[in-house]
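Source file start.txt; content: compact mmCIF, C-alpha atoms and all ligand atoms.
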```txt
# COMPACT_ATOMS: atom_id res chain seq x y z
CA MET A 1 -64.39 -21.35 47.05
CA MET A 2 -61.18 -19.80 48.35
CA ILE A 3 -60.50 -17.75 45.22
CA ARG A 4 -63.88 -16.06 45.21
CA ASN A 5 -63.38 -15.01 48.81
CA ALA A 6 -59.94 -13.54 48.17
CA ASN A 7 -59.94 -9.91 49.20
CA LYS A 8 -56.32 -8.86 48.93
CA ILE A 9 -55.08 -9.91 45.53
CA VAL A 10 -51.62 -9.50 44.00
CA ILE A 11 -51.57 -9.84 40.22
CA LYS A 12 -48.26 -10.36 38.44
CA VAL A 13 -48.24 -9.50 34.76
CA GLY A 14 -45.51 -11.16 32.68
CA SER A 15 -43.54 -9.43 29.94
CA SER A 16 -45.12 -11.49 27.19
CA THR A 17 -48.58 -10.65 28.51
CA ILE A 18 -48.13 -6.91 28.60
CA THR A 19 -46.43 -6.59 25.23
CA SER A 20 -47.53 -7.28 21.70
CA LYS A 21 -45.47 -9.39 19.32
CA ASP A 22 -43.52 -6.33 18.16
CA GLY A 23 -42.47 -5.50 21.73
CA THR A 24 -44.71 -2.46 22.19
CA ILE A 25 -47.15 -2.27 25.09
CA ASP A 26 -50.35 -4.15 24.28
CA LYS A 27 -53.02 -1.49 24.82
CA ASP A 28 -55.92 -3.89 24.20
CA PHE A 29 -54.65 -6.19 26.92
CA LEU A 30 -54.10 -3.27 29.32
CA ASP A 31 -57.58 -1.85 28.66
CA ASN A 32 -59.24 -5.16 29.47
CA PHE A 33 -56.91 -5.90 32.38
CA ILE A 34 -57.40 -2.55 34.08
CA LEU A 35 -61.17 -2.71 33.63
CA GLN A 36 -61.10 -6.05 35.46
CA VAL A 37 -58.98 -4.59 38.26
CA LYS A 38 -61.48 -1.74 38.55
CA ASN A 39 -64.34 -4.24 38.76
CA LEU A 40 -62.57 -6.06 41.57
CA MET A 41 -62.11 -2.76 43.40
CA ASP A 42 -65.79 -1.94 42.91
CA GLN A 43 -66.53 -5.18 44.74
CA GLY A 44 -64.43 -3.93 47.65
CA LYS A 45 -61.38 -6.00 46.80
CA LYS A 46 -57.86 -4.65 47.08
CA VAL A 47 -55.32 -5.11 44.31
CA ILE A 48 -51.56 -4.73 43.91
CA ILE A 49 -50.04 -5.16 40.46
CA VAL A 50 -46.53 -6.49 39.91
CA SER A 51 -45.66 -5.62 36.35
CA SER A 52 -42.82 -6.70 34.11
CA GLY A 53 -42.16 -5.27 30.70
CA ALA A 54 -39.85 -2.31 31.35
CA ARG A 55 -36.95 -3.61 29.29
CA ILE A 56 -39.03 -4.60 26.30
CA ALA A 57 -40.81 -1.25 26.44
CA GLY A 58 -37.37 0.41 26.56
CA VAL A 59 -36.14 -1.52 23.55
CA SER A 60 -39.26 -0.71 21.56
CA THR A 61 -38.93 2.99 22.49
CA ILE A 62 -35.24 3.33 21.62
CA GLY A 63 -34.51 0.61 19.13
CA LYS A 64 -31.30 1.95 17.74
CA TRP A 65 -28.88 1.09 20.54
CA SER A 66 -26.55 -1.64 19.37
CA ARG A 67 -25.09 -2.56 22.76
CA GLN A 68 -28.43 -3.68 24.15
CA GLN A 69 -26.94 -6.76 25.78
CA ASP A 70 -24.40 -4.88 27.92
CA ILE A 71 -25.56 -4.67 31.51
CA ASN A 72 -25.41 -0.86 31.70
CA TYR A 73 -27.44 -0.64 28.51
CA LYS A 74 -29.96 -3.14 29.81
CA GLN A 75 -30.40 -1.06 32.93
CA ALA A 76 -30.64 2.13 30.90
CA LEU A 77 -33.30 0.56 28.69
CA CYS A 78 -35.26 -0.49 31.79
CA SER A 79 -35.22 3.05 33.10
CA ILE A 80 -36.59 4.33 29.80
CA GLY A 81 -39.15 1.55 29.51
CA GLN A 82 -40.34 1.88 33.10
CA VAL A 83 -41.64 5.36 32.29
CA GLU A 84 -43.41 4.12 29.18
CA LEU A 85 -44.92 1.28 31.16
CA MET A 86 -46.20 3.46 33.97
CA ASP A 87 -47.46 6.03 31.50
CA SER A 88 -49.60 3.38 29.85
CA TYR A 89 -50.98 2.20 33.20
CA ARG A 90 -51.58 5.77 34.37
CA ARG A 91 -53.48 6.85 31.26
CA ILE A 92 -55.90 3.94 31.45
CA PHE A 93 -56.37 3.90 35.23
CA ASN A 94 -57.00 7.65 35.15
CA LYS A 95 -59.88 7.12 32.71
CA HIS A 96 -61.53 5.18 35.53
CA GLY A 97 -60.67 7.89 38.06
CA ILE A 98 -58.07 5.70 39.76
CA HIS A 99 -54.58 6.81 40.75
CA ILE A 100 -51.53 4.58 40.67
CA GLY A 101 -48.31 4.55 42.71
CA GLN A 102 -44.97 3.20 41.51
CA ILE A 103 -42.86 1.03 43.80
CA LEU A 104 -39.44 -0.19 42.64
CA LEU A 105 -37.78 -2.82 44.83
CA THR A 106 -34.78 -5.09 45.08
CA LYS A 107 -34.19 -8.24 47.07
CA ASP A 108 -32.19 -6.22 49.59
CA ASP A 109 -35.32 -4.31 50.50
CA PHE A 110 -37.07 -7.49 51.62
CA GLU A 111 -34.06 -8.63 53.63
CA ASN A 112 -33.90 -5.47 55.68
CA LYS A 113 -36.48 -5.11 58.47
CA ASP A 114 -36.80 -1.32 58.34
CA ARG A 115 -37.15 -1.29 54.59
CA THR A 116 -39.70 -4.08 54.67
CA LEU A 117 -41.73 -2.15 57.22
CA ASN A 118 -41.59 0.94 55.02
CA ILE A 119 -42.72 -1.07 51.98
CA ARG A 120 -45.60 -2.47 54.04
CA ASN A 121 -46.65 0.94 55.33
CA THR A 122 -46.55 2.47 51.86
CA LEU A 123 -48.56 -0.38 50.37
CA PHE A 124 -51.18 -0.16 53.12
CA THR A 125 -51.44 3.63 52.79
CA LEU A 126 -51.83 3.53 49.01
CA ILE A 127 -54.45 0.80 49.23
CA ASP A 128 -56.34 2.55 52.04
CA GLU A 129 -56.54 5.62 49.83
CA GLY A 130 -57.84 3.64 46.85
CA VAL A 131 -54.60 3.94 44.90
CA VAL A 132 -53.29 0.93 42.98
CA PRO A 133 -49.62 0.17 43.74
CA ILE A 134 -47.63 -1.03 40.74
CA VAL A 135 -44.47 -2.87 41.76
CA ASN A 136 -41.43 -3.73 39.66
CA GLU A 137 -37.81 -4.62 40.24
CA ASN A 138 -35.55 -1.60 40.60
CA ASP A 139 -33.30 -2.52 37.71
CA THR A 140 -31.05 0.53 38.00
CA VAL A 141 -29.60 -0.63 41.30
CA SER A 142 -30.03 -4.35 40.77
CA VAL A 143 -26.85 -6.20 40.08
CA ASP A 144 -26.95 -9.98 40.24
CA GLU A 145 -26.15 -10.22 43.96
CA ILE A 146 -29.20 -8.26 45.08
CA LYS A 147 -31.52 -9.07 42.24
CA ILE A 148 -34.74 -10.91 42.79
CA GLY A 149 -34.30 -11.71 39.12
CA ASP A 150 -37.83 -12.41 38.11
CA ASN A 151 -41.17 -10.94 38.91
CA ASP A 152 -42.75 -14.25 39.89
CA MET A 153 -40.67 -14.12 43.07
CA LEU A 154 -41.20 -10.37 43.41
CA GLY A 155 -44.92 -11.13 43.31
CA ALA A 156 -44.48 -13.73 46.04
CA TYR A 157 -42.45 -11.39 48.28
CA THR A 158 -45.01 -8.63 47.76
CA THR A 159 -47.92 -10.93 48.60
CA VAL A 160 -46.27 -12.09 51.81
CA VAL A 161 -45.19 -8.62 52.96
CA TRP A 162 -48.63 -7.17 52.31
CA GLY A 163 -50.43 -10.18 53.76
CA GLY A 164 -52.32 -10.83 50.54
CA ASP A 165 -54.68 -13.77 50.25
CA LEU A 166 -54.15 -14.69 46.59
CA LEU A 167 -51.31 -14.38 44.08
CA VAL A 168 -52.34 -14.43 40.43
CA ILE A 169 -49.54 -14.94 37.88
CA LEU A 170 -50.57 -13.93 34.38
CA SER A 171 -48.34 -15.60 31.83
CA ASP A 172 -48.38 -16.46 28.13
CA ILE A 173 -49.57 -19.94 28.94
CA ASP A 174 -52.81 -21.37 30.39
CA GLY A 175 -50.97 -22.84 33.36
CA ILE A 176 -48.43 -25.53 34.18
CA TYR A 177 -48.37 -28.50 31.81
CA ASP A 178 -46.81 -31.91 32.26
CA CYS A 179 -44.34 -30.89 29.53
CA ASN A 180 -43.65 -27.73 27.55
CA PRO A 181 -46.74 -27.23 25.35
CA THR A 182 -44.76 -25.08 22.92
CA ASP A 183 -43.13 -28.16 21.46
CA ASN A 184 -45.49 -30.91 22.71
CA PRO A 185 -49.00 -30.68 21.28
CA GLU A 186 -50.08 -33.52 23.58
CA ALA A 187 -49.13 -31.63 26.77
CA CYS A 188 -51.74 -31.80 29.53
CA LEU A 189 -52.70 -28.87 31.71
CA ILE A 190 -52.46 -29.50 35.43
CA ASP A 191 -55.48 -28.08 37.27
CA VAL A 192 -54.56 -28.22 40.91
CA VAL A 193 -51.24 -28.68 42.67
CA ASP A 194 -51.09 -29.41 46.38
CA ASP A 195 -47.67 -31.04 46.40
CA ILE A 196 -45.00 -29.08 44.54
CA ASP A 197 -42.23 -31.65 45.25
CA LYS A 198 -44.34 -34.34 43.62
CA LEU A 199 -45.21 -32.07 40.68
CA GLU A 200 -41.56 -31.27 40.07
CA LYS A 201 -40.74 -34.94 39.76
CA GLU A 202 -43.60 -35.55 37.35
CA ILE A 203 -43.33 -32.75 34.82
CA SER A 204 -40.65 -31.68 32.40
CA ILE A 205 -39.83 -28.03 32.29
CA GLY A 206 -38.76 -26.58 28.97
CA GLU A 207 -37.37 -23.26 27.79
CA THR A 208 -39.15 -19.99 28.55
CA SER A 209 -40.70 -17.83 25.89
CA SER A 210 -38.47 -15.28 24.15
CA PHE A 211 -39.70 -12.38 26.30
CA GLY A 212 -40.07 -14.31 29.55
CA THR A 213 -37.40 -14.41 32.21
CA GLY A 214 -38.28 -16.86 34.91
CA GLY A 215 -40.20 -19.59 33.20
CA ILE A 216 -41.87 -22.38 35.12
CA THR A 217 -39.06 -22.89 37.65
CA THR A 218 -39.56 -19.47 39.22
CA LYS A 219 -43.34 -19.94 39.20
CA LEU A 220 -42.93 -23.09 41.28
CA LYS A 221 -40.55 -21.24 43.60
CA ALA A 222 -43.07 -18.42 44.01
CA ALA A 223 -45.84 -20.94 44.71
CA ARG A 224 -43.70 -22.61 47.37
CA MET A 225 -43.15 -19.29 49.08
CA VAL A 226 -46.77 -18.09 49.22
CA ASN A 227 -48.12 -21.58 49.94
CA ALA A 228 -45.82 -21.75 52.98
CA TYR A 229 -47.77 -18.76 54.30
CA GLY A 230 -51.08 -20.44 53.55
CA ILE A 231 -51.71 -18.31 50.46
CA PRO A 232 -52.90 -19.91 47.21
CA MET A 233 -51.43 -19.00 43.82
CA ILE A 234 -52.89 -19.35 40.36
CA VAL A 235 -51.09 -19.31 37.00
CA ALA A 236 -53.31 -18.32 34.09
CA HIS A 237 -53.17 -16.99 30.53
CA GLY A 238 -53.04 -13.20 30.71
CA LYS A 239 -54.34 -12.57 27.22
CA THR A 240 -57.52 -14.57 27.74
CA LYS A 241 -60.25 -11.93 27.84
CA ASP A 242 -61.72 -11.30 31.30
CA ILE A 243 -59.40 -13.88 32.85
CA ILE A 244 -59.28 -12.17 36.28
CA THR A 245 -63.04 -11.88 36.39
CA GLN A 246 -63.32 -15.56 35.56
CA ILE A 247 -60.78 -16.51 38.20
CA SER A 248 -62.38 -14.38 40.88
CA ALA A 249 -65.79 -15.81 40.01
CA GLY A 250 -64.29 -19.15 41.00
CA GLU A 251 -64.27 -20.55 37.49
CA LYS A 252 -61.13 -22.57 37.30
CA LYS A 253 -58.93 -21.27 34.52
CA GLY A 254 -55.33 -22.23 34.95
CA THR A 255 -53.18 -24.04 37.48
CA LEU A 256 -54.10 -23.52 41.11
CA PHE A 257 -51.45 -24.06 43.79
CA LEU A 258 -53.13 -24.81 47.07
CA PRO A 259 -51.31 -24.65 50.40
CA ARG A 260 -51.13 -28.04 52.04
CA LYS A 261 -53.51 -28.47 54.92
CA ALA A 262 -51.70 -28.53 58.24
P1 LIG B 301 -43.93 -15.00 31.68
O1 LIG B 301 -42.72 -14.15 31.94
O2 LIG B 301 -44.93 -14.36 30.77
O3 LIG B 301 -44.56 -15.54 32.90
P2 LIG B 301 -42.21 -17.26 30.91
O4 LIG B 301 -41.68 -17.28 29.52
O5 LIG B 301 -41.31 -16.90 32.01
O6 LIG B 301 -43.48 -16.31 30.84
O7 LIG B 301 -42.84 -18.71 31.26
C1 LIG B 301 -43.84 -19.32 30.49
C2 LIG B 301 -43.26 -20.23 29.40
O8 LIG B 301 -42.68 -21.41 29.96
C3 LIG B 301 -44.32 -20.78 28.44
O9 LIG B 301 -44.54 -19.92 27.37
C4 LIG B 301 -43.72 -22.13 27.94
O10 LIG B 301 -43.13 -22.00 26.68
C5 LIG B 301 -42.62 -22.43 28.93
N1 LIG B 301 -42.73 -23.76 29.54
C6 LIG B 301 -41.71 -24.64 29.68
N2 LIG B 301 -42.10 -25.78 30.29
C7 LIG B 301 -43.42 -25.65 30.59
C8 LIG B 301 -44.38 -26.48 31.25
N3 LIG B 301 -44.09 -27.70 31.73
N4 LIG B 301 -45.65 -25.99 31.40
C9 LIG B 301 -45.96 -24.75 30.92
N5 LIG B 301 -45.10 -23.91 30.30
C10 LIG B 301 -43.83 -24.34 30.11
```

Could I get this file's structure written as structure tokens?
Ligand code: ADP
Amino acid sequence: MMIRNANKIVIKVGSSTITSKDGTIDKDFLDNFILQVKNLMDQGKKVIIVSSGARIAGVSTIGKWSRQQDINYKQALCSIGQVELMDSYRRIFNKHGIHIGQILLTKDDFENKDRTLNIRNTLFTLIDEGVVPIVNENDTVSVDEIKIGDNDMLGAYTTVVWGGDLLVILSDIDGIYDCNPTDNPEACLIDVVDDIDKLEKEISIGETSSFGTGGITTKLKAARMVNAYGIPMIVAHGKTKDIITQISAGEKKGTLFLPRKA
């Protein structure tokens, strides 16, 4: 099974996965998640994390700002929350004797050859030294024109630049359904997708969750990108205990996007 053999794995953690209902960082999730990453590393696998959650962490740290919707305030909240986020990752990874490195990127960085090469070199160096890179969008410098906009696509860019062999998207949902399961109890989970065009015609895509940004549309876009490079992608429920371990053991848990055979 392709998933079990994956050696270079990018895991994207969505905002609603990393936070609790009250908007604070979900320590129980992070404990379990990081332990699973450590287990993968113990098996000789290499992992990059793409983590959302900076803005929510910012809001829950400094709740009293009233102009939270203004762009400069949003960016300021991200800069506050990014520290909180990384602090949580660092504390837990350090318990396992693992160091982390922070990488903040914008779309511009992937469109410039020199920058892309630098990103690649830094990722390779960190990984070679056993450090876990944690990637997020650089919200301070990101205005709409240069924004990737959602971490599903940031995950896809990162996977391609690094030459990863699997992208895992942890969301607040078990996978892609034929219609939004939040308001359709009859919604059916789709196990495997090998034709995204066909899937798009067949399913109905509803609103995202309150914390989420990209929703299903950006997940399909991310799948298109990595699949074009022959890399599979899986969408799974982040808060399911030991989900990564289950995925990497080849137990199907979510929606798997397989590249089309040439
Ligand atoms: P995250 O940022 O955690 O990845 P998002 O909120 O961006 O989460 O996207 C997941 C949400 O998309 C789900 O919680 C669900 O409410 C919504 N959604 C809409 N249509 C669908 C669909 N067809 N299948 C699955 N989820 C859907």

| Of the candidates A:Thr158, A:Ser51, A:Gln43, A:Ser79, which one gets nearest to Leu30 (chain A) if we count all atoms listed in the file? | A:Ser51

| task | Please work out which residues fall within 12 Å of (-60.0, -13.1, 33.6), coordinates as given in the file, with only C-alpha atoms counting, and return them as a ChimeraX atom specification. | result | /A:11,29,32-37,39-40,168-170,174,234-254

| query | Suppose you want the space between CA of Asn121 (chain A) and CA of Val161 (chain A); what is it in Å? | reply |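 Straight-line distance from CA of Asn121 (chain A) to CA of Val161 (chain A) works out to 10.0 Å.
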
Show me which residues are within 10 Å of ligand LIG 301 (chain B) counting all atoms listed in the file, and format the list as a PDB file with C-alpha atoms, in the coordinates of the input.
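Output below, filename out01.pdb:
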```pdb
ATOM      1  CA  LYS A  12     -48.260 -10.360  38.440  1.00  0.00           C
ATOM      2  CA  VAL A  13     -48.240  -9.500  34.760  1.00  0.00           C
ATOM      3  CA  GLY A  14     -45.510 -11.160  32.680  1.00  0.00           C
ATOM      4  CA  SER A  15     -43.540  -9.430  29.940  1.00  0.00           C
ATOM      5  CA  SER A  16     -45.120 -11.490  27.190  1.00  0.00           C
ATOM      6  CA  THR A  17     -48.580 -10.650  28.510  1.00  0.00           C
ATOM      7  CA  ILE A  18     -48.130  -6.910  28.600  1.00  0.00           C
ATOM      8  CA  THR A  19     -46.430  -6.590  25.230  1.00  0.00           C
ATOM      9  CA  SER A  52     -42.820  -6.700  34.110  1.00  0.00           C
ATOM     10  CA  GLY A  53     -42.160  -5.270  30.700  1.00  0.00           C
ATOM     11  CA  ASP A 150     -37.830 -12.410  38.110  1.00  0.00           C
ATOM     12  CA  ASN A 151     -41.170 -10.940  38.910  1.00  0.00           C
ATOM     13  CA  ASP A 152     -42.750 -14.250  39.890  1.00  0.00           C
ATOM     14  CA  ILE A 169     -49.540 -14.940  37.880  1.00  0.00           C
ATOM     15  CA  LEU A 170     -50.570 -13.930  34.380  1.00  0.00           C
ATOM     16  CA  SER A 171     -48.340 -15.600  31.830  1.00  0.00           C
ATOM     17  CA  ASP A 172     -48.380 -16.460  28.130  1.00  0.00           C
ATOM     18  CA  ILE A 173     -49.570 -19.940  28.940  1.00  0.00           C
ATOM     19  CA  ASP A 174     -52.810 -21.370  30.390  1.00  0.00           C
ATOM     20  CA  GLY A 175     -50.970 -22.840  33.360  1.00  0.00           C
ATOM     21  CA  ILE A 176     -48.430 -25.530  34.180  1.00  0.00           C
ATOM     22  CA  TYR A 177     -48.370 -28.500  31.810  1.00  0.00           C
ATOM     23  CA  ASP A 178     -46.810 -31.910  32.260  1.00  0.00           C
ATOM     24  CA  CYS A 179     -44.340 -30.890  29.530  1.00  0.00           C
ATOM     25  CA  ASN A 180     -43.650 -27.730  27.550  1.00  0.00           C
ATOM     26  CA  PRO A 181     -46.740 -27.230  25.350  1.00  0.00           C
ATOM     27  CA  THR A 182     -44.760 -25.080  22.920  1.00  0.00           C
ATOM     28  CA  ASP A 183     -43.130 -28.160  21.460  1.00  0.00           C
ATOM     29  CA  ASN A 184     -45.490 -30.910  22.710  1.00  0.00           C
ATOM     30  CA  ALA A 187     -49.130 -31.630  26.770  1.00  0.00           C
ATOM     31  CA  CYS A 188     -51.740 -31.800  29.530  1.00  0.00           C
ATOM     32  CA  LEU A 189     -52.700 -28.870  31.710  1.00  0.00           C
ATOM     33  CA  ILE A 190     -52.460 -29.500  35.430  1.00  0.00           C
ATOM     34  CA  GLU A 200     -41.560 -31.270  40.070  1.00  0.00           C
ATOM     35  CA  GLU A 202     -43.600 -35.550  37.350  1.00  0.00           C
ATOM     36  CA  ILE A 203     -43.330 -32.750  34.820  1.00  0.00           C
ATOM     37  CA  SER A 204     -40.650 -31.680  32.400  1.00  0.00           C
ATOM     38  CA  ILE A 205     -39.830 -28.030  32.290  1.00  0.00           C
ATOM     39  CA  GLY A 206     -38.760 -26.580  28.970  1.00  0.00           C
ATOM     40  CA  GLU A 207     -37.370 -23.260  27.790  1.00  0.00           C
ATOM     41  CA  THR A 208     -39.150 -19.990  28.550  1.00  0.00           C
ATOM     42  CA  SER A 209     -40.700 -17.830  25.890  1.00  0.00           C
ATOM     43  CA  SER A 210     -38.470 -15.280  24.150  1.00  0.00           C
ATOM     44  CA  PHE A 211     -39.700 -12.380  26.300  1.00  0.00           C
ATOM     45  CA  GLY A 212     -40.070 -14.310  29.550  1.00  0.00           C
ATOM     46  CA  THR A 213     -37.400 -14.410  32.210  1.00  0.00           C
ATOM     47  CA  GLY A 214     -38.280 -16.860  34.910  1.00  0.00           C
ATOM     48  CA  GLY A 215     -40.200 -19.590  33.200  1.00  0.00           C
ATOM     49  CA  ILE A 216     -41.870 -22.380  35.120  1.00  0.00           C
ATOM     50  CA  THR A 217     -39.060 -22.890  37.650  1.00  0.00           C
ATOM     51  CA  THR A 218     -39.560 -19.470  39.220  1.00  0.00           C
ATOM     52  CA  LYS A 219     -43.340 -19.940  39.200  1.00  0.00           C
ATOM     53  CA  VAL A 235     -51.090 -19.310  37.000  1.00  0.00           C
ATOM     54  CA  ALA A 236     -53.310 -18.320  34.090  1.00  0.00           C
ATOM     55  CA  HIS A 237     -53.170 -16.990  30.530  1.00  0.00           C
ATOM     56  CA  GLY A 238     -53.040 -13.200  30.710  1.00  0.00           C
ATOM     57  CA  THR A 255     -53.180 -24.040  37.480  1.00  0.00           C
TER      58      THR A 255
END
```

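Among the candidates A:Ile71, A:Lys198, A:Ile80, A:Leu85, the one nearest to Val141 (chain A) when counting only C-alpha atoms is A:Ile71.
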
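With CA of Asp31 (chain A) on one side and CA of Pro133 (chain A) on the other, the separation reads 17.2 Å.
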
| request: May I have the residues at most 12 Å from (-31.4, -5.5, 42.2) in the file's coordinates, counting all atoms listed in the file, as a PyMOL selection string? | output: chain A and resi 75+104-110+136-151+154

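Across the model, the gap from CA of Leu256 (chain A) to CA of Ala228 (chain A) is 14.6 Å.
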
| query | Of the candidates A:Thr61, A:Asn112, A:Asn7, A:Gln69, which one gets nearest to Ile25 (chain A) if we count only C-alpha atoms? | reply |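 Using only C-alpha atoms, the shortest distance to Ile25 (chain A) belongs to A:Thr61.
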
Excluding Gly23 (chain A) and its own-chain neighbours fewer than 6 positions away, which residues fall within 8 Å of it when counting only C-alpha atoms? Please give them as a PDB file with C-alpha atoms, in the frame of the given file.
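Dumped to out-v7.pdb:
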```pdb
ATOM      1  CA  ILE A  56     -39.030  -4.600  26.300  1.00  0.00           C
ATOM      2  CA  ALA A  57     -40.810  -1.250  26.440  1.00  0.00           C
ATOM      3  CA  VAL A  59     -36.140  -1.520  23.550  1.00  0.00           C
ATOM      4  CA  SER A  60     -39.260  -0.710  21.560  1.00  0.00           C
TER       5      SER A  60
END
```

| request: Quick one: everything within 9 Å of Ile98 (chain A), counting all atoms listed in the file, minus sequence neighbours fewer than 6 positions away in the same chain. Send it as a ChimeraX atom specification. | output: /A:38,90,92,130-132
